[in-house]
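Undergrad: Contents of model_34.txt (compact mmCIF, N, CA and C atoms) are given next:
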# COMPACT_ATOMS: atom_id res chain seq x y z
N MET A 453 -116.41 -24.63 -10.22
CA MET A 453 -116.66 -25.28 -8.95
C MET A 453 -116.48 -24.26 -7.82
N LYS A 454 -117.34 -24.36 -6.85
CA LYS A 454 -117.26 -23.48 -5.68
C LYS A 454 -116.41 -24.15 -4.61
N VAL A 455 -115.59 -23.32 -3.91
CA VAL A 455 -114.79 -23.81 -2.79
C VAL A 455 -114.90 -22.82 -1.64
N LEU A 456 -114.74 -23.32 -0.43
CA LEU A 456 -114.66 -22.46 0.75
C LEU A 456 -113.20 -22.23 1.07
N LEU A 457 -112.83 -20.99 1.26
CA LEU A 457 -111.46 -20.61 1.60
C LEU A 457 -111.48 -20.06 3.02
N LEU A 458 -110.87 -20.77 3.93
CA LEU A 458 -110.96 -20.44 5.36
C LEU A 458 -109.82 -19.51 5.76
N LYS A 459 -110.04 -18.22 5.50
CA LYS A 459 -109.04 -17.19 5.83
C LYS A 459 -109.68 -15.82 5.72
N ASP A 460 -109.01 -14.82 6.29
CA ASP A 460 -109.44 -13.44 6.14
C ASP A 460 -109.05 -12.94 4.75
N ALA A 461 -109.83 -12.05 4.21
CA ALA A 461 -109.51 -11.45 2.92
C ALA A 461 -108.34 -10.48 3.08
N LYS A 462 -107.43 -10.54 2.15
CA LYS A 462 -106.31 -9.60 2.10
C LYS A 462 -106.16 -9.15 0.67
N GLU A 463 -106.02 -7.85 0.46
CA GLU A 463 -105.89 -7.33 -0.90
C GLU A 463 -104.43 -7.24 -1.29
N ASP A 464 -104.12 -7.59 -2.54
CA ASP A 464 -102.78 -7.42 -3.07
C ASP A 464 -102.71 -6.10 -3.84
N ASP A 465 -101.67 -5.90 -4.63
CA ASP A 465 -101.51 -4.66 -5.39
C ASP A 465 -102.64 -4.43 -6.39
N CYS A 466 -103.30 -5.50 -6.81
CA CYS A 466 -104.41 -5.40 -7.77
C CYS A 466 -105.75 -5.16 -7.09
N GLY A 467 -105.77 -5.06 -5.76
CA GLY A 467 -107.00 -4.83 -5.03
C GLY A 467 -107.86 -6.06 -4.84
N GLN A 468 -107.25 -7.23 -4.98
CA GLN A 468 -108.00 -8.48 -4.85
C GLN A 468 -107.20 -9.45 -3.99
N ASP A 469 -107.91 -10.31 -3.27
CA ASP A 469 -107.22 -11.33 -2.49
C ASP A 469 -106.47 -12.25 -3.46
N PRO A 470 -105.17 -12.48 -3.22
CA PRO A 470 -104.40 -13.30 -4.17
C PRO A 470 -104.91 -14.74 -4.30
N TYR A 471 -105.48 -15.29 -3.24
CA TYR A 471 -106.03 -16.64 -3.34
C TYR A 471 -107.25 -16.67 -4.26
N ILE A 472 -108.13 -15.68 -4.11
CA ILE A 472 -109.31 -15.58 -4.94
C ILE A 472 -108.89 -15.47 -6.41
N ARG A 473 -107.90 -14.61 -6.67
CA ARG A 473 -107.43 -14.40 -8.04
C ARG A 473 -106.85 -15.69 -8.63
N GLU A 474 -105.94 -16.32 -7.89
CA GLU A 474 -105.28 -17.52 -8.40
C GLU A 474 -106.26 -18.68 -8.60
N LEU A 475 -107.12 -18.88 -7.63
CA LEU A 475 -108.11 -19.95 -7.76
C LEU A 475 -109.05 -19.69 -8.93
N GLY A 476 -109.39 -18.42 -9.15
CA GLY A 476 -110.25 -18.05 -10.26
C GLY A 476 -109.62 -18.39 -11.61
N LEU A 477 -108.31 -18.28 -11.69
CA LEU A 477 -107.62 -18.62 -12.93
C LEU A 477 -107.80 -20.09 -13.30
N TYR A 478 -108.08 -20.91 -12.31
CA TYR A 478 -108.28 -22.34 -12.53
C TYR A 478 -109.76 -22.73 -12.49
N GLY A 479 -110.61 -21.73 -12.61
CA GLY A 479 -112.04 -22.00 -12.69
C GLY A 479 -112.73 -22.25 -11.36
N LEU A 480 -112.07 -21.91 -10.27
CA LEU A 480 -112.66 -22.12 -8.95
C LEU A 480 -113.23 -20.81 -8.42
N GLU A 481 -114.42 -20.88 -7.88
CA GLU A 481 -115.07 -19.72 -7.28
C GLU A 481 -114.98 -19.85 -5.77
N ALA A 482 -114.09 -19.06 -5.17
CA ALA A 482 -113.82 -19.19 -3.73
C ALA A 482 -114.67 -18.21 -2.93
N THR A 483 -115.18 -18.70 -1.83
CA THR A 483 -115.88 -17.88 -0.85
C THR A 483 -115.02 -17.83 0.40
N LEU A 484 -114.65 -16.61 0.80
CA LEU A 484 -113.80 -16.44 1.98
C LEU A 484 -114.64 -16.51 3.25
N ILE A 485 -114.15 -17.28 4.22
CA ILE A 485 -114.80 -17.37 5.53
C ILE A 485 -113.70 -17.20 6.59
N PRO A 486 -113.70 -16.06 7.29
CA PRO A 486 -112.71 -15.90 8.36
C PRO A 486 -113.06 -16.83 9.52
N VAL A 487 -112.10 -17.66 9.93
CA VAL A 487 -112.37 -18.62 10.99
C VAL A 487 -111.48 -18.43 12.22
N LEU A 488 -110.52 -17.56 12.11
CA LEU A 488 -109.61 -17.35 13.23
C LEU A 488 -109.76 -15.94 13.79
N SER A 489 -109.47 -15.82 15.06
CA SER A 489 -109.45 -14.53 15.72
C SER A 489 -108.14 -14.48 16.51
N PHE A 490 -107.58 -13.29 16.65
CA PHE A 490 -106.31 -13.20 17.34
C PHE A 490 -106.34 -12.05 18.34
N GLU A 491 -105.71 -12.28 19.48
CA GLU A 491 -105.60 -11.25 20.51
C GLU A 491 -104.22 -11.39 21.17
N PHE A 492 -103.52 -10.27 21.32
CA PHE A 492 -102.23 -10.30 22.01
C PHE A 492 -102.45 -10.42 23.50
N LEU A 493 -101.68 -11.25 24.13
CA LEU A 493 -101.72 -11.43 25.58
C LEU A 493 -100.39 -10.98 26.17
N SER A 494 -100.39 -10.58 27.40
CA SER A 494 -99.17 -10.28 28.16
C SER A 494 -98.34 -9.12 27.60
N LEU A 495 -98.95 -8.20 26.89
CA LEU A 495 -98.17 -7.08 26.37
C LEU A 495 -97.52 -6.24 27.46
N PRO A 496 -98.19 -5.95 28.58
CA PRO A 496 -97.51 -5.17 29.62
C PRO A 496 -96.25 -5.89 30.16
N SER A 497 -96.36 -7.19 30.36
CA SER A 497 -95.22 -7.96 30.84
C SER A 497 -94.10 -7.98 29.80
N PHE A 498 -94.46 -8.19 28.53
CA PHE A 498 -93.48 -8.21 27.45
C PHE A 498 -92.79 -6.85 27.34
N SER A 499 -93.56 -5.78 27.44
CA SER A 499 -93.01 -4.43 27.35
C SER A 499 -91.98 -4.19 28.45
N GLU A 500 -92.31 -4.60 29.65
CA GLU A 500 -91.40 -4.45 30.78
C GLU A 500 -90.10 -5.21 30.53
N LYS A 501 -90.20 -6.42 30.01
CA LYS A 501 -89.02 -7.24 29.75
C LYS A 501 -88.17 -6.66 28.62
N LEU A 502 -88.82 -6.10 27.59
CA LEU A 502 -88.07 -5.45 26.50
C LEU A 502 -87.25 -4.27 27.01
N SER A 503 -87.69 -3.68 28.10
CA SER A 503 -86.99 -2.53 28.68
C SER A 503 -85.75 -2.91 29.47
N HIS A 504 -85.54 -4.21 29.67
CA HIS A 504 -84.42 -4.67 30.49
C HIS A 504 -83.60 -5.75 29.79
N PRO A 505 -82.93 -5.39 28.70
CA PRO A 505 -82.13 -6.39 27.98
C PRO A 505 -81.00 -6.97 28.83
N GLU A 506 -80.59 -6.23 29.84
CA GLU A 506 -79.51 -6.73 30.71
C GLU A 506 -79.91 -7.99 31.46
N ASP A 507 -81.18 -8.26 31.57
CA ASP A 507 -81.66 -9.44 32.29
C ASP A 507 -81.73 -10.70 31.43
N TYR A 508 -81.44 -10.56 30.11
CA TYR A 508 -81.63 -11.67 29.19
C TYR A 508 -80.42 -11.86 28.29
N GLY A 509 -80.27 -13.07 27.80
CA GLY A 509 -79.16 -13.39 26.91
C GLY A 509 -79.50 -13.23 25.44
N GLY A 510 -80.77 -12.98 25.13
CA GLY A 510 -81.15 -12.81 23.74
C GLY A 510 -82.65 -12.83 23.56
N LEU A 511 -83.06 -12.79 22.31
CA LEU A 511 -84.47 -12.81 21.93
C LEU A 511 -84.68 -13.91 20.89
N ILE A 512 -85.84 -14.54 20.92
CA ILE A 512 -86.22 -15.50 19.88
C ILE A 512 -87.61 -15.11 19.40
N PHE A 513 -87.69 -14.66 18.13
CA PHE A 513 -88.97 -14.32 17.52
C PHE A 513 -89.43 -15.51 16.70
N THR A 514 -90.58 -16.08 17.05
CA THR A 514 -91.05 -17.29 16.41
C THR A 514 -92.03 -17.05 15.27
N SER A 515 -92.48 -15.81 15.10
CA SER A 515 -93.47 -15.53 14.06
C SER A 515 -93.56 -14.02 13.82
N PRO A 516 -94.17 -13.64 12.68
CA PRO A 516 -94.43 -12.23 12.46
C PRO A 516 -95.30 -11.61 13.56
N ARG A 517 -96.19 -12.38 14.15
CA ARG A 517 -97.04 -11.87 15.25
C ARG A 517 -96.19 -11.48 16.46
N ALA A 518 -95.13 -12.22 16.71
CA ALA A 518 -94.25 -11.89 17.83
C ALA A 518 -93.58 -10.54 17.60
N VAL A 519 -93.20 -10.28 16.35
CA VAL A 519 -92.59 -8.99 16.02
C VAL A 519 -93.64 -7.88 16.15
N GLU A 520 -94.85 -8.17 15.71
CA GLU A 520 -95.94 -7.20 15.85
C GLU A 520 -96.18 -6.86 17.32
N ALA A 521 -96.07 -7.86 18.18
CA ALA A 521 -96.23 -7.62 19.62
C ALA A 521 -95.13 -6.68 20.12
N ALA A 522 -93.91 -6.89 19.67
CA ALA A 522 -92.80 -6.01 20.08
C ALA A 522 -93.06 -4.59 19.60
N GLN A 523 -93.50 -4.45 18.35
CA GLN A 523 -93.80 -3.11 17.83
C GLN A 523 -94.90 -2.43 18.63
N LEU A 524 -95.93 -3.18 18.98
CA LEU A 524 -97.02 -2.62 19.79
C LEU A 524 -96.51 -2.16 21.15
N CYS A 525 -95.65 -2.94 21.76
CA CYS A 525 -95.08 -2.55 23.06
C CYS A 525 -94.32 -1.24 22.95
N LEU A 526 -93.56 -1.09 21.89
CA LEU A 526 -92.77 0.13 21.71
C LEU A 526 -93.67 1.33 21.45
N GLU A 527 -94.68 1.16 20.61
CA GLU A 527 -95.57 2.27 20.26
C GLU A 527 -96.52 2.62 21.40
N LYS A 528 -97.10 1.60 22.00
CA LYS A 528 -98.14 1.82 23.00
C LYS A 528 -97.60 2.49 24.26
N ASN A 529 -96.39 2.21 24.60
CA ASN A 529 -95.83 2.74 25.84
C ASN A 529 -94.81 3.86 25.60
N ASN A 530 -94.90 4.48 24.42
CA ASN A 530 -94.01 5.60 24.07
C ASN A 530 -92.54 5.25 24.29
N LYS A 531 -92.16 4.04 23.93
CA LYS A 531 -90.78 3.60 24.11
C LYS A 531 -89.96 3.69 22.84
N THR A 532 -90.54 4.24 21.79
CA THR A 532 -89.82 4.29 20.50
C THR A 532 -88.53 5.09 20.64
N GLU A 533 -88.58 6.20 21.34
CA GLU A 533 -87.38 7.04 21.48
C GLU A 533 -86.29 6.33 22.28
N VAL A 534 -86.65 5.73 23.40
CA VAL A 534 -85.66 5.02 24.20
C VAL A 534 -85.16 3.77 23.46
N TRP A 535 -86.03 3.17 22.63
CA TRP A 535 -85.62 2.03 21.81
C TRP A 535 -84.51 2.47 20.85
N GLU A 536 -84.76 3.58 20.15
CA GLU A 536 -83.78 4.08 19.19
C GLU A 536 -82.51 4.57 19.87
N ARG A 537 -82.67 5.17 21.05
CA ARG A 537 -81.53 5.77 21.76
C ARG A 537 -80.62 4.72 22.40
N SER A 538 -81.20 3.64 22.96
CA SER A 538 -80.34 2.71 23.69
C SER A 538 -80.76 1.25 23.69
N LEU A 539 -82.05 0.98 23.78
CA LEU A 539 -82.49 -0.41 23.93
C LEU A 539 -82.15 -1.26 22.71
N LYS A 540 -82.34 -0.71 21.53
CA LYS A 540 -82.06 -1.46 20.30
C LYS A 540 -80.60 -1.91 20.27
N GLU A 541 -79.70 -1.01 20.60
CA GLU A 541 -78.27 -1.33 20.62
C GLU A 541 -77.95 -2.41 21.66
N LYS A 542 -78.60 -2.32 22.81
CA LYS A 542 -78.36 -3.33 23.85
C LYS A 542 -78.86 -4.70 23.42
N TRP A 543 -80.02 -4.75 22.76
CA TRP A 543 -80.53 -6.04 22.26
C TRP A 543 -79.66 -6.55 21.12
N ASN A 544 -79.15 -5.65 20.29
CA ASN A 544 -78.29 -6.09 19.18
C ASN A 544 -76.94 -6.62 19.65
N ALA A 545 -76.57 -6.31 20.87
CA ALA A 545 -75.34 -6.87 21.44
C ALA A 545 -75.54 -8.33 21.85
N LYS A 546 -76.77 -8.78 21.80
CA LYS A 546 -77.12 -10.16 22.17
C LYS A 546 -77.57 -10.90 20.91
N SER A 547 -77.81 -12.19 21.05
CA SER A 547 -78.33 -12.97 19.92
C SER A 547 -79.82 -12.72 19.76
N VAL A 548 -80.21 -12.49 18.51
CA VAL A 548 -81.62 -12.31 18.17
C VAL A 548 -81.94 -13.36 17.10
N TYR A 549 -82.67 -14.39 17.49
CA TYR A 549 -82.98 -15.50 16.59
C TYR A 549 -84.39 -15.35 16.05
N VAL A 550 -84.59 -15.88 14.84
CA VAL A 550 -85.90 -15.83 14.21
C VAL A 550 -86.20 -17.15 13.50
N VAL A 551 -87.47 -17.47 13.39
CA VAL A 551 -87.92 -18.60 12.60
C VAL A 551 -88.42 -18.05 11.27
N GLY A 552 -87.66 -18.25 10.20
CA GLY A 552 -88.10 -17.89 8.86
C GLY A 552 -87.70 -16.51 8.37
N ASN A 553 -87.67 -16.39 7.05
CA ASN A 553 -87.27 -15.14 6.41
C ASN A 553 -88.28 -14.02 6.59
N ALA A 554 -89.57 -14.35 6.60
CA ALA A 554 -90.59 -13.31 6.77
C ALA A 554 -90.44 -12.65 8.14
N THR A 555 -90.21 -13.45 9.16
CA THR A 555 -90.01 -12.90 10.51
C THR A 555 -88.72 -12.10 10.57
N ALA A 556 -87.66 -12.60 9.93
CA ALA A 556 -86.38 -11.88 9.91
C ALA A 556 -86.54 -10.50 9.27
N SER A 557 -87.29 -10.43 8.20
CA SER A 557 -87.50 -9.15 7.52
C SER A 557 -88.19 -8.14 8.43
N LEU A 558 -89.19 -8.60 9.16
CA LEU A 558 -89.90 -7.70 10.09
C LEU A 558 -89.03 -7.29 11.26
N VAL A 559 -88.23 -8.21 11.78
CA VAL A 559 -87.34 -7.89 12.89
C VAL A 559 -86.31 -6.85 12.46
N SER A 560 -85.83 -6.97 11.22
CA SER A 560 -84.85 -5.98 10.74
C SER A 560 -85.46 -4.59 10.65
N LYS A 561 -86.77 -4.52 10.43
CA LYS A 561 -87.44 -3.22 10.36
C LYS A 561 -87.49 -2.51 11.70
N ILE A 562 -87.37 -3.25 12.81
CA ILE A 562 -87.29 -2.58 14.11
C ILE A 562 -85.83 -2.40 14.53
N GLY A 563 -84.92 -2.70 13.60
CA GLY A 563 -83.51 -2.38 13.82
C GLY A 563 -82.67 -3.46 14.45
N LEU A 564 -83.17 -4.68 14.50
CA LEU A 564 -82.39 -5.75 15.11
C LEU A 564 -81.77 -6.65 14.05
N ASP A 565 -80.56 -7.12 14.34
CA ASP A 565 -79.86 -8.06 13.47
C ASP A 565 -80.24 -9.47 13.89
N THR A 566 -80.50 -10.32 12.91
CA THR A 566 -81.04 -11.64 13.22
C THR A 566 -80.09 -12.78 12.84
N GLU A 567 -80.36 -13.92 13.43
CA GLU A 567 -79.68 -15.17 13.12
C GLU A 567 -80.73 -16.27 12.99
N GLY A 568 -80.41 -17.28 12.22
CA GLY A 568 -81.24 -18.48 12.17
C GLY A 568 -82.40 -18.46 11.22
N GLU A 569 -82.55 -17.39 10.44
CA GLU A 569 -83.73 -17.29 9.59
C GLU A 569 -83.85 -18.41 8.55
N THR A 570 -82.72 -19.01 8.16
CA THR A 570 -82.78 -20.07 7.15
C THR A 570 -83.14 -21.43 7.73
N CYS A 571 -83.28 -21.51 9.05
CA CYS A 571 -83.61 -22.80 9.67
C CYS A 571 -85.00 -23.29 9.27
N GLY A 572 -85.95 -22.40 9.12
CA GLY A 572 -87.26 -22.78 8.60
C GLY A 572 -88.29 -23.24 9.60
N ASN A 573 -87.90 -23.83 10.71
CA ASN A 573 -88.89 -24.25 11.71
C ASN A 573 -88.25 -24.23 13.10
N ALA A 574 -89.08 -24.37 14.11
CA ALA A 574 -88.63 -24.25 15.50
C ALA A 574 -87.62 -25.33 15.87
N GLU A 575 -87.84 -26.55 15.42
CA GLU A 575 -86.94 -27.64 15.77
C GLU A 575 -85.53 -27.39 15.23
N LYS A 576 -85.45 -26.98 13.97
CA LYS A 576 -84.13 -26.71 13.38
C LYS A 576 -83.49 -25.47 13.99
N LEU A 577 -84.31 -24.49 14.34
CA LEU A 577 -83.77 -23.30 15.00
C LEU A 577 -83.20 -23.66 16.36
N ALA A 578 -83.89 -24.49 17.12
CA ALA A 578 -83.39 -24.93 18.43
C ALA A 578 -82.05 -25.64 18.28
N GLU A 579 -81.94 -26.49 17.28
CA GLU A 579 -80.68 -27.19 17.02
C GLU A 579 -79.58 -26.19 16.68
N TYR A 580 -79.91 -25.20 15.86
CA TYR A 580 -78.96 -24.16 15.47
C TYR A 580 -78.48 -23.38 16.69
N ILE A 581 -79.43 -22.99 17.53
CA ILE A 581 -79.07 -22.22 18.74
C ILE A 581 -78.16 -23.04 19.62
N CYS A 582 -78.51 -24.29 19.84
CA CYS A 582 -77.72 -25.15 20.73
C CYS A 582 -76.33 -25.42 20.16
N SER A 583 -76.23 -25.58 18.86
CA SER A 583 -74.94 -25.90 18.26
C SER A 583 -74.04 -24.67 18.14
N SER A 584 -74.64 -23.49 18.06
CA SER A 584 -73.83 -22.29 17.86
C SER A 584 -73.58 -21.49 19.13
N ASN A 585 -74.12 -21.94 20.25
CA ASN A 585 -74.01 -21.15 21.46
C ASN A 585 -73.71 -22.05 22.65
N GLU A 586 -72.51 -21.94 23.14
CA GLU A 586 -72.10 -22.77 24.28
C GLU A 586 -72.87 -22.43 25.56
N GLU A 587 -73.29 -21.20 25.68
CA GLU A 587 -73.96 -20.76 26.91
C GLU A 587 -75.45 -20.57 26.67
N VAL A 588 -76.09 -21.59 26.15
CA VAL A 588 -77.51 -21.53 25.85
C VAL A 588 -78.34 -21.16 27.06
N LYS A 589 -77.93 -21.60 28.23
CA LYS A 589 -78.72 -21.33 29.44
C LYS A 589 -78.87 -19.84 29.67
N GLY A 590 -77.91 -19.04 29.22
CA GLY A 590 -78.00 -17.59 29.38
C GLY A 590 -79.12 -16.98 28.54
N ILE A 591 -79.51 -17.63 27.45
CA ILE A 591 -80.56 -17.11 26.60
C ILE A 591 -81.92 -17.35 27.25
N PHE A 592 -82.10 -18.50 27.82
CA PHE A 592 -83.40 -18.87 28.37
C PHE A 592 -83.45 -18.50 29.83
Any chance you could put this one into structure tokens?
TA:
Amino acid sequence: MKVLLLKDAKEDDCGQDPYIRELGLYGLEATLIPVLSFEFLSLPSFSEKLSHPEDYGGLIFTSPRAVEAAQLCLEKNNKTEVWERSLKEKWNAKSVYVVGNATASLVSKIGLDTEGETCGNAEKLAEYICSSNEEVKGIF
């Protein structure tokens, strides 16, 4: 049976999209159709804010794309050195929250320590933040 798979193709270690491979094992012939497009917005503003951790009580990364945006800000504006020298430490002195383990793993790659990764969704993370932080207003 033929099926439409609405996503971009991604190759795994075997050089094949894992969905195509798995569906094929069950006799399904999948045709990939990319239906989404993505563009980062507000990178200059985000970059400026990342440079001033003293103005914020913490960071909340809601997705792997948010971490990708942070990485782009650091690379695009030659801030990697200042990040390693001082900014990373200043952000690590604050709370850095994440939604999910995948996002936590990416955040750790830029050198930040995370909280809340086991919450699983935004609603539970918000509850976690509110219950674990008396001064929530300082974060927002």
Undergrad: Considering all atoms listed in the file, state which residue in the set A:Ile472, A:Val559, A:Val455, A:Ala482 is at the smallest distance from Glu520 in chain A.
TA: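 That would be A:Val559, the residue with the smallest distance to Glu520 in chain A.
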Undergrad: Leaving out Leu502 in chain A and any residue of its chain fewer than 3 positions from it, which residues lie within 12 Å of it when counting only C-alpha atoms, given as a ChimeraX atom specification?
TA: /A:495-499,505-511,519,521-526,529,531-532,534-535,538-540,542-543
Undergrad: Just asking: which residues within range 463-512 of chain A are alpha helix (DSSP H) according to DSSP, as a ChimeraX atom specification?
TA: /A:470-477,495-502
Undergrad: So how many Å separate atom N of Pro486 in chain A and CA of Leu456 in chain A, to one decimal?
TA: 9.2 Å
Undergrad: Please indicate the distance in Å from atom C of Ala545 in chain A to CA of Lys576 in chain A, rounded to one decimal place.
TA: 22.0 Å
Undergrad: Could you jot down the CA of Thr570 in chain A to atom C of Val551 in chain A separation for me, Å, one decimal place?
TA: 7.3 Å
Undergrad: Which of these, A:Glu579, A:Asp460, A:Glu536, A:Asp465, has the shortest distance to Phe490 in chain A once you count only C-alpha atoms?
TA: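 Among the listed residues, the smallest separation from Phe490 in chain A belongs to A:Asp460.
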Undergrad: Counting only N, CA and C atoms, find residues at most 5 Å from (-81.4, -14.2, 15.2) (file frame) and give them as a ChimeraX atom specification.
TA: /A:548-550,566-568
Undergrad: Identify, with DSSP run on backbone atoms, the residues in chain A assigned to strand (DSSP E or B), and express the list as JSON, numbers by chain.
TA: {"A": [454, 455, 456, 457, 481, 482, 483, 484, 510, 511, 512, 513, 547, 548, 549, 550, 567]}
Undergrad: For range 554-556 of chain A, please output as a count of residues only all residues within 6.5 Å (counting all atoms listed in the file; exclusion window: fewer than 4 positions along the same chain).
TA: 7
Undergrad: Go through A:Lys459, A:Glu481, A:Ser547, A:Ser583 and flag the residue nearest Asp565 in chain A, using only C-alpha atoms for the distances.
TA: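 Once distances to Asp565 in chain A are computed over only C-alpha atoms, the minimum belongs to A:Ser547.
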